[in-house]
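Enquirer: The structure follows.
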Amino acid sequence: MLNVLLDVVTTAAMLFIVSAGLLIVFGVMKIVNFSHGAFLTVGGYASVVATQLGLGWWWGLPLSLVCGFVLGGAVEWLIVRPLYARPLDAILATWGLGIILGQLITLAFGRGVQMVASPIEGAVPVLGTHYSAYRLLLVVAALAVALALGWLLNGTRLGLQTRAVIMNEGLARGLGISSARVRFLTFCTGAALAAAAGCLITPLSSVDPNMGVPWIVGAFMLVLVSGASLVSLAVASIVLGGAQVLVSTFVDPVLGGLMIAVLAALLLRFRPEGFARG
Amino acid sequence: MKSPRSTRHEDRQSHKPRTSYASALALSLCAFAVQATYAAESVKIGVPVGLSGANSVVAPSIVQSAQLAVDEINAKGGILGRQVTLEVADDGSGAAGAQKAFDSLIFDKKVDALISAETSAARNAGLPIVSRGKVPFVYTSFYEGRSCNRNMYVDGWVPDQQVAPVVDYFMNHDHAKTFFLIGSDYAFGRGMLDFTKAYIEKKGGKVIGNEYLPMDGSDWTSIISKLQAAKPDAIITSTAGGAPNVTLTKQLRAAGVKVPYGNLAVDEGTAKSMGADAAGIFMSGSYVTSIDSPANQAFLAAMKKRFGNDLKTPNDLSVPEYEAVYLYKAAVEKAGSFDSAKVIPALAQVSFMGPRGTIQMDKQRHAPLTMYLSQVQPDGSVKVIQSFSHLDPGAQCPNLK
């Protein structure tokens, strides 16, 4: 029983980390960045590169953050910015970008599946049972991401401007806030977070050019039911992620995989604002 | 070119460009015809294999084996005097990709034979296309058995040869009575574990868990939780070859699972790529690199010479490929022709002395094989515990021939 509970908590943590970047981009720019999966993949390969260079997996984290930030900046400048006034076209453009990035990665690294060794091996004793140490580390990572983003949004001037833009972009610009700069930095941060998430999930599974694709659907659903709030995202991760784990464990893993999408659709039908506060 | 203004002269002049176009066209057609005839001189062997997806971990080794066999055969004059070329296509390790790969190889590239290892999902999707194209198909992968097609031969092992050594060892040596089975949810995973369950129960053991994940799934969390709750004496797994083996083993070790672990679908190459996580895994197969025979030593030396540092560990999925190419050559030479109708019966009559010993696919399209039960050591090497000579594949295709 305790194992299942820990499964729920660690799966929720993984979902939170993967979706956080998508959430802030959606909240500020009101577009769904469908290249999120490709940035996840970039982060995964950053950890492969770090391991191949002999640096050890831990260096994969800063490497993926930097790669994600820089690549995100280039993408925002070249692709998203010219499409400011056409959000639907911007969404399509990010989808196309995701495909292009996937193919570029295939050209550079090959089509095959690669593995990254876990930085922490084995299980640790927790409250009477043994549990995977790395999965517990993910909970710590999720908390770190939440705290960092929370501090950025609530404790810095940039965060204040970002919240203003989220609330009402026109009004914020009228007050002299450079929404272009806020959008740019938000996209960069979102991409960096996606890359870091990709790096964090590699020790548990594997790295291949399409590793990000299955995660986009889940992240997309979670973001839709969360609006623009990190707290709602945390709640959504626990509720929907928990449903996924419980159904996978007690019913069938295939049905469990459907849970996030099905529950999100049902929730939005009955409460369009999802978990957000009105 | 200026021509004087005379209609007749102009007519003659305007014919000149047309005739020169016509002759240029004729020349290029001739060139194509010559090239086409030249190309028809080479024998094409199609290799549909999982360059992407689950099998991508092992596919490079399979392609390398095929390349070495083709290079060696070409150096000795080819097959019936014709040089051999390889056409490799990606089947995505699954049904959708296999349809595209088989279609393109059989109807577009017009290969003379298909020789490859693939997932059972890919094989089952490709077989109807093979039947339509009437091309000989040598399937070189181990699999769950009982797959029969007029055009197909198999030189990999089937559960009738592979499962008993593992289960018997666990029951006799480790006194295991309860087993937990984990597999990938498709023909191979289900087929292997159904056979295993029946064998365990026949021997008086009990299966206390039987869980499956889709072939491309990589999150084994819920299944590992169930495993830990059930507390079995031993685990036996049968996932798709390649990536699922790695993710399952990684997650099992991360969760601290230490009971005897028999993996029915892992090969030496994949085990090496798992690093320290693979230590202790029991494998049962028809090939290990430590086989001490002159044929194996010669094969390994030739592979090392051909590929150097790029060499992928030869394994139970790639060595049968090497032998199958030679078996095809022998069949064509026996039949005296490349015609499928003559080559297909001949494939049962020829044999080849390869790294795994003498291989002949004469038992209802399948081959008797020597099997090795081995265990992965902490340093990554594989130690053979028991070997079983010339195990019969059983009645795989009683309705064929």
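Order determines the names: the first chain of the structure tokens is A, the second B, and so forth; residues in each chain are numbered 1 upward, and ligands are numbered 1 upward as they are shown.
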With only C-alpha atoms as the counted atoms, please give the residues lying no more than 10 Å from A:Lys30, apart from itself and same-chain residues fewer than 6 positions off, as a list of chain:residue names.
Expert: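 Result of the neighbour search: A:Leu23, A:Ile24, A:Pro87, A:Leu88, A:Ile91, A:Ile166, A:Gly227, A:Ala228.
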Enquirer: Selected residues, N, CA and C atoms, written as a PDB file, in the first residue's frame, please.
Expert:
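The resulting out-v9.pdb:
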```pdb
ATOM      1  N   LEU A  23       3.259  25.043 -18.848  1.00  0.00           N
ATOM      2  CA  LEU A  23       2.278  25.879 -18.159  1.00  0.00           C
ATOM      3  C   LEU A  23       2.627  27.349 -18.234  1.00  0.00           C
ATOM      4  N   ILE A  24       3.897  27.696 -17.940  1.00  0.00           N
ATOM      5  CA  ILE A  24       4.212  29.125 -17.919  1.00  0.00           C
ATOM      6  C   ILE A  24       4.143  29.718 -19.323  1.00  0.00           C
ATOM      7  N   PRO A  87      -2.216  33.563 -32.916  1.00  0.00           N
ATOM      8  CA  PRO A  87      -1.861  32.476 -31.982  1.00  0.00           C
ATOM      9  C   PRO A  87      -2.095  31.076 -32.545  1.00  0.00           C
ATOM     10  N   LEU A  88      -3.124  30.902 -33.361  1.00  0.00           N
ATOM     11  CA  LEU A  88      -3.370  29.553 -33.912  1.00  0.00           C
ATOM     12  C   LEU A  88      -2.228  29.151 -34.842  1.00  0.00           C
ATOM     13  N   ILE A  91       0.729  28.090 -32.849  1.00  0.00           N
ATOM     14  CA  ILE A  91       0.639  26.714 -32.340  1.00  0.00           C
ATOM     15  C   ILE A  91       1.058  25.726 -33.423  1.00  0.00           C
ATOM     16  N   ILE A 166       0.177  38.036 -17.657  1.00  0.00           N
ATOM     17  CA  ILE A 166      -0.755  36.907 -17.615  1.00  0.00           C
ATOM     18  C   ILE A 166      -2.178  37.403 -17.392  1.00  0.00           C
ATOM     19  N   GLY A 227      -5.056  25.983 -15.943  1.00  0.00           N
ATOM     20  CA  GLY A 227      -5.075  27.426 -16.187  1.00  0.00           C
ATOM     21  C   GLY A 227      -3.676  27.971 -16.177  1.00  0.00           C
ATOM     22  N   ALA A 228      -3.401  28.920 -15.291  1.00  0.00           N
ATOM     23  CA  ALA A 228      -2.060  29.516 -15.260  1.00  0.00           C
ATOM     24  C   ALA A 228      -1.440  29.412 -13.887  1.00  0.00           C
TER      25      ALA A 228
END
```
Enquirer: Dump as a Markdown table the rows for residues of chain A within 7 Å of chain B: closest atom pair and distance in Å with one decimal, only C-alpha atoms counted, ordered by chain and rising residue number.
Expert:
```
| residue | atom | partner | partner_atom | distance |
| --- | --- | --- | --- | --- |
| A:Asn3 | CA | B:Ser225 | CA | 6.4 |
| A:Val4 | CA | B:Ser225 | CA | 6.8 |
| A:Arg111 | CA | B:Ser52 | CA | 5.3 |
| A:Gly112 | CA | B:Ser56 | CA | 4.7 |
| A:Val113 | CA | B:Ser56 | CA | 5.9 |
| A:Glu121 | CA | B:Ala254 | CA | 5.7 |
| A:Gly122 | CA | B:Ala254 | CA | 4.1 |
| A:Ala123 | CA | B:Gly256 | CA | 4.9 |
| A:Tyr131 | CA | B:Ala255 | CA | 5.6 |
| A:Ser132 | CA | B:Ala255 | CA | 4.4 |
| A:Leu204 | CA | B:Gln251 | CA | 6.5 |
| A:Ser205 | CA | B:Thr247 | CA | 5.1 |
| A:Ser206 | CA | B:Thr247 | CA | 6.8 |
| A:Val245 | CA | B:Ser222 | CA | 6.8 |
| A:Ser248 | CA | B:Ser222 | CA | 6.1 |
| A:Thr249 | CA | B:Ser222 | CA | 4.7 |
| A:Pro253 | CA | B:Leu213 | CA | 6.6 |
```
Enquirer: Skip B:Gly145 itself and residues of its chain fewer than 5 positions away, then list as a ChimeraX atom specification all residues within 9 Å of it, counting only C-alpha atoms.
Expert: /B:157-160,188,191-192,393,396-397
Enquirer: Write to file, as a PDB file, in the first residue's frame, the residues of the selection just made, with C-alpha atoms.
Expert:
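This went into result.pdb:
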```
ATOM      1  CA  TRP B 157      15.157 -20.914 -31.314  1.00  0.00           C
ATOM      2  CA  VAL B 158      11.584 -21.510 -30.135  1.00  0.00           C
ATOM      3  CA  PRO B 159      10.319 -21.885 -26.525  1.00  0.00           C
ATOM      4  CA  ASP B 160      10.360 -25.684 -26.825  1.00  0.00           C
ATOM      5  CA  PHE B 188       6.018 -12.849 -28.538  1.00  0.00           C
ATOM      6  CA  GLY B 191       3.291 -16.671 -26.527  1.00  0.00           C
ATOM      7  CA  MET B 192       6.516 -17.160 -24.550  1.00  0.00           C
ATOM      8  CA  PRO B 393      12.202 -27.579 -31.883  1.00  0.00           C
ATOM      9  CA  GLN B 396       6.080 -26.114 -35.036  1.00  0.00           C
ATOM     10  CA  CYS B 397       4.397 -26.336 -38.438  1.00  0.00           C
TER      11      CYS B 397
END
```
Enquirer: Considering only C-alpha atoms, state which residue in the set A:Met115, A:Ile120, A:Val75, A:Met14 is at the smallest distance from A:Gly190.
Expert: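 Among the listed residues, A:Val75 lies closest to A:Gly190.
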Enquirer: So that I can check the secondary structure, give me every residue of stretch 140-368 of chain B assigned strand (DSSP E or B) by backbone DSSP, as an MDAnalysis selection string.
Expert: chainID B and resid 152:154 178:184 206:213 234:238 261:263 282:285 352:354 357:359 363 366
Enquirer: From the options B:Met283, B:Ala324, B:Ala346, B:Val266, which residue's atoms come nearest to B:Ile385, counting only C-alpha atoms?
Expert: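 Selected residue with least distance to B:Ile385: B:Met283.
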Enquirer: Find the residues near A:Phe26: any atom within 12 Å, counting only C-alpha atoms, skip ones fewer than 4 places away on the same chain, and give them as a PyMOL selection string.
Expert: chain A and resi 19-22+30-34+36+87+90-91+165-166+183+186-187+190-191+219-220+222-230
Enquirer: Would you write out those residues with N, CA and C atoms, as a PDB file, in the first residue's frame?
Expert:
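Result file is again13.pdb:
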```pdb
ATOM      1  N   SER A  19       5.416  19.235 -16.997  1.00  0.00           N
ATOM      2  CA  SER A  19       4.393  20.179 -17.448  1.00  0.00           C
ATOM      3  C   SER A  19       4.657  21.621 -17.062  1.00  0.00           C
ATOM      4  N   ALA A  20       5.527  21.858 -16.081  1.00  0.00           N
ATOM      5  CA  ALA A  20       5.703  23.225 -15.573  1.00  0.00           C
ATOM      6  C   ALA A  20       6.094  24.192 -16.680  1.00  0.00           C
ATOM      7  N   GLY A  21       7.035  23.761 -17.530  1.00  0.00           N
ATOM      8  CA  GLY A  21       7.487  24.646 -18.603  1.00  0.00           C
ATOM      9  C   GLY A  21       6.357  24.984 -19.559  1.00  0.00           C
ATOM     10  N   LEU A  22       5.556  23.968 -19.875  1.00  0.00           N
ATOM     11  CA  LEU A  22       4.428  24.192 -20.799  1.00  0.00           C
ATOM     12  C   LEU A  22       3.427  25.151 -20.172  1.00  0.00           C
ATOM     13  N   LYS A  30      -0.458  32.457 -24.000  1.00  0.00           N
ATOM     14  CA  LYS A  30      -1.746  31.914 -24.426  1.00  0.00           C
ATOM     15  C   LYS A  30      -1.609  31.013 -25.642  1.00  0.00           C
ATOM     16  N   ILE A  31      -0.447  30.476 -25.869  1.00  0.00           N
ATOM     17  CA  ILE A  31      -0.330  29.462 -26.920  1.00  0.00           C
ATOM     18  C   ILE A  31       0.204  28.182 -26.303  1.00  0.00           C
ATOM     19  N   VAL A  32      -0.185  27.062 -26.900  1.00  0.00           N
ATOM     20  CA  VAL A  32       0.342  25.782 -26.450  1.00  0.00           C
ATOM     21  C   VAL A  32       1.582  25.480 -27.276  1.00  0.00           C
ATOM     22  N   ASN A  33       2.688  25.352 -26.604  1.00  0.00           N
ATOM     23  CA  ASN A  33       3.942  25.121 -27.306  1.00  0.00           C
ATOM     24  C   ASN A  33       4.083  23.628 -27.612  1.00  0.00           C
ATOM     25  N   PHE A  34       3.700  23.227 -28.836  1.00  0.00           N
ATOM     26  CA  PHE A  34       3.760  21.807 -29.180  1.00  0.00           C
ATOM     27  C   PHE A  34       5.174  21.318 -29.458  1.00  0.00           C
ATOM     28  N   HIS A  36       7.228  21.417 -27.139  1.00  0.00           N
ATOM     29  CA  HIS A  36       7.646  21.079 -25.774  1.00  0.00           C
ATOM     30  C   HIS A  36       8.290  19.700 -25.730  1.00  0.00           C
ATOM     31  N   PRO A  87      -2.216  33.563 -32.916  1.00  0.00           N
ATOM     32  CA  PRO A  87      -1.861  32.476 -31.982  1.00  0.00           C
ATOM     33  C   PRO A  87      -2.095  31.076 -32.545  1.00  0.00           C
ATOM     34  N   ALA A  90       0.744  30.227 -34.603  1.00  0.00           N
ATOM     35  CA  ALA A  90       1.927  29.996 -33.769  1.00  0.00           C
ATOM     36  C   ALA A  90       1.920  28.573 -33.223  1.00  0.00           C
ATOM     37  N   ILE A  91       0.729  28.090 -32.849  1.00  0.00           N
ATOM     38  CA  ILE A  91       0.639  26.714 -32.340  1.00  0.00           C
ATOM     39  C   ILE A  91       1.058  25.726 -33.423  1.00  0.00           C
ATOM     40  N   VAL A 165       1.281  40.551 -17.172  1.00  0.00           N
ATOM     41  CA  VAL A 165       1.020  40.157 -18.565  1.00  0.00           C
ATOM     42  C   VAL A 165       0.039  38.995 -18.611  1.00  0.00           C
ATOM     43  N   ILE A 166       0.177  38.036 -17.657  1.00  0.00           N
ATOM     44  CA  ILE A 166      -0.755  36.907 -17.615  1.00  0.00           C
ATOM     45  C   ILE A 166      -2.178  37.403 -17.392  1.00  0.00           C
ATOM     46  N   ARG A 183       7.540  37.882 -22.750  1.00  0.00           N
ATOM     47  CA  ARG A 183       7.276  36.690 -23.567  1.00  0.00           C
ATOM     48  C   ARG A 183       8.552  35.960 -23.903  1.00  0.00           C
ATOM     49  N   THR A 186       9.944  34.268 -20.853  1.00  0.00           N
ATOM     50  CA  THR A 186       9.076  33.152 -20.460  1.00  0.00           C
ATOM     51  C   THR A 186       9.304  31.950 -21.356  1.00  0.00           C
ATOM     52  N   PHE A 187       9.374  32.183 -22.659  1.00  0.00           N
ATOM     53  CA  PHE A 187       9.583  31.067 -23.578  1.00  0.00           C
ATOM     54  C   PHE A 187      10.917  30.389 -23.317  1.00  0.00           C
ATOM     55  N   GLY A 190      10.558  28.372 -20.159  1.00  0.00           N
ATOM     56  CA  GLY A 190       9.742  27.189 -20.417  1.00  0.00           C
ATOM     57  C   GLY A 190      10.534  26.117 -21.145  1.00  0.00           C
ATOM     58  N   ALA A 191      11.302  26.544 -22.154  1.00  0.00           N
ATOM     59  CA  ALA A 191      12.101  25.592 -22.919  1.00  0.00           C
ATOM     60  C   ALA A 191      13.198  24.997 -22.047  1.00  0.00           C
ATOM     61  N   ALA A 219       1.081  16.278 -20.699  1.00  0.00           N
ATOM     62  CA  ALA A 219       1.382  17.622 -20.225  1.00  0.00           C
ATOM     63  C   ALA A 219       0.324  18.605 -20.707  1.00  0.00           C
ATOM     64  N   PHE A 220      -0.091  18.471 -21.958  1.00  0.00           N
ATOM     65  CA  PHE A 220      -1.108  19.332 -22.546  1.00  0.00           C
ATOM     66  C   PHE A 220      -2.403  19.253 -21.740  1.00  0.00           C
ATOM     67  N   LEU A 222      -2.775  18.280 -18.610  1.00  0.00           N
ATOM     68  CA  LEU A 222      -2.592  18.845 -17.276  1.00  0.00           C
ATOM     69  C   LEU A 222      -2.628  20.376 -17.320  1.00  0.00           C
ATOM     70  N   VAL A 223      -2.002  20.951 -18.350  1.00  0.00           N
ATOM     71  CA  VAL A 223      -1.971  22.412 -18.443  1.00  0.00           C
ATOM     72  C   VAL A 223      -3.374  22.957 -18.685  1.00  0.00           C
ATOM     73  N   LEU A 224      -4.162  22.257 -19.505  1.00  0.00           N
ATOM     74  CA  LEU A 224      -5.518  22.735 -19.783  1.00  0.00           C
ATOM     75  C   LEU A 224      -6.363  22.804 -18.533  1.00  0.00           C
ATOM     76  N   VAL A 225      -6.201  21.814 -17.641  1.00  0.00           N
ATOM     77  CA  VAL A 225      -7.026  21.856 -16.429  1.00  0.00           C
ATOM     78  C   VAL A 225      -6.425  22.728 -15.348  1.00  0.00           C
ATOM     79  N   SER A 226      -5.239  23.293 -15.601  1.00  0.00           N
ATOM     80  CA  SER A 226      -4.606  24.074 -14.544  1.00  0.00           C
ATOM     81  C   SER A 226      -4.671  25.573 -14.767  1.00  0.00           C
ATOM     82  N   GLY A 227      -5.056  25.983 -15.943  1.00  0.00           N
ATOM     83  CA  GLY A 227      -5.075  27.426 -16.187  1.00  0.00           C
ATOM     84  C   GLY A 227      -3.676  27.971 -16.177  1.00  0.00           C
ATOM     85  N   ALA A 228      -3.401  28.920 -15.291  1.00  0.00           N
ATOM     86  CA  ALA A 228      -2.060  29.516 -15.260  1.00  0.00           C
ATOM     87  C   ALA A 228      -1.440  29.412 -13.887  1.00  0.00           C
ATOM     88  N   SER A 229      -1.988  28.552 -13.043  1.00  0.00           N
ATOM     89  CA  SER A 229      -1.511  28.540 -11.670  1.00  0.00           C
ATOM     90  C   SER A 229      -0.660  27.316 -11.388  1.00  0.00           C
ATOM     91  N   LEU A 230       0.492  27.540 -10.744  1.00  0.00           N
ATOM     92  CA  LEU A 230       1.373  26.432 -10.404  1.00  0.00           C
ATOM     93  C   LEU A 230       0.731  25.518  -9.373  1.00  0.00           C
TER      94      LEU A 230
END
```
Enquirer: Run DSSP on the backbone of this structure and report the residues of stretch 176-369 of chain B it assigns to helix (DSSP H, G or I), as number ranges by chain.
Expert: B: 187-202, 221-230, 243-254, 268-273, 275-278, 294-310, 319-335, 340-346
Enquirer: In Å, with one decimal, what is the gap from atom CA of B:Gly78 to atom CA of B:Gln64?
Expert: 18.0 Å
Enquirer: Contacts of B:Ala113 at 10 Å or less, counting only C-alpha atoms, minus same-chain residues fewer than 4 places along, as number ranges by chain?
Expert: B: 43-47, 105-106, 130, 134-138, 151, 325, 328, 338, 340, 343
Enquirer: Grab the residues selected above and save them as a PDB file, in the first residue's frame with C-alpha atoms.
Expert:
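What ended up in out.pdb:
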```
ATOM      1  CA  VAL B  43      21.510 -10.591 -56.089  1.00  0.00           C
ATOM      2  CA  LYS B  44      19.532  -8.427 -53.690  1.00  0.00           C
ATOM      3  CA  ILE B  45      18.984  -9.611 -50.153  1.00  0.00           C
ATOM      4  CA  GLY B  46      16.422  -7.518 -48.271  1.00  0.00           C
ATOM      5  CA  VAL B  47      16.960  -6.907 -44.562  1.00  0.00           C
ATOM      6  CA  LEU B 105      11.705  -4.278 -50.393  1.00  0.00           C
ATOM      7  CA  ILE B 106       9.556  -6.819 -52.233  1.00  0.00           C
ATOM      8  CA  VAL B 130       5.742 -12.113 -48.370  1.00  0.00           C
ATOM      9  CA  LYS B 134       6.377 -15.180 -53.144  1.00  0.00           C
ATOM     10  CA  VAL B 135       9.876 -14.322 -51.920  1.00  0.00           C
ATOM     11  CA  PRO B 136      11.878 -16.715 -49.701  1.00  0.00           C
ATOM     12  CA  PHE B 137      12.014 -15.338 -46.164  1.00  0.00           C
ATOM     13  CA  VAL B 138      14.472 -16.634 -43.592  1.00  0.00           C
ATOM     14  CA  ASN B 151       7.797 -18.963 -47.888  1.00  0.00           C
ATOM     15  CA  VAL B 325      22.780 -15.679 -45.510  1.00  0.00           C
ATOM     16  CA  TYR B 328      20.400 -19.043 -48.609  1.00  0.00           C
ATOM     17  CA  PHE B 338      17.252 -18.042 -57.886  1.00  0.00           C
ATOM     18  CA  SER B 340      11.664 -18.927 -55.355  1.00  0.00           C
ATOM     19  CA  VAL B 343      14.952 -22.223 -53.577  1.00  0.00           C
TER      20      VAL B 343
END
```
Enquirer: Which residues, written as a list of chain:residue names, have at least one atom at most 6 Å from stretch 360-374 of chain B, with only C-alpha atoms counted and residues fewer than 5 positions away on the same chain left out?
Expert: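 Once the adjacent positions are removed, what remains is B:Tyr153, B:Val154, B:Asp155, B:Phe282, B:Met283, B:Ser284, B:Gly285, B:Ser286, B:Ala348, B:Ser351, B:Lys383, B:Val384, B:Ile385, B:Gln386, B:Ser387, B:Phe388, B:Ser389, B:His390, B:Leu391, B:Asp392, B:Pro393, B:Cys397.
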Enquirer: Quick one: pull the distance between atom CA of A:Thr189 and atom CA of A:Trp215, Å, one decimal.
Expert: 18.4 Å
Enquirer: Between atom CA of A:Arg86 and atom CA of A:Cys67, what is the distance in Å, rounded to a tenth?
Expert: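 Separation between atom CA of A:Arg86 and atom CA of A:Cys67: 27.1 Å.
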Enquirer: Hey, what's within 10 Å of B:Val382 if we count only C-alpha atoms and toss same-chain stuff fewer than 3 positions away? As JSON, numbers by chain, please?
Expert: {"B": [268, 271, 272, 279, 280, 281, 282, 283, 288, 289, 290, 373, 374, 375, 376, 377, 378, 379, 385]}
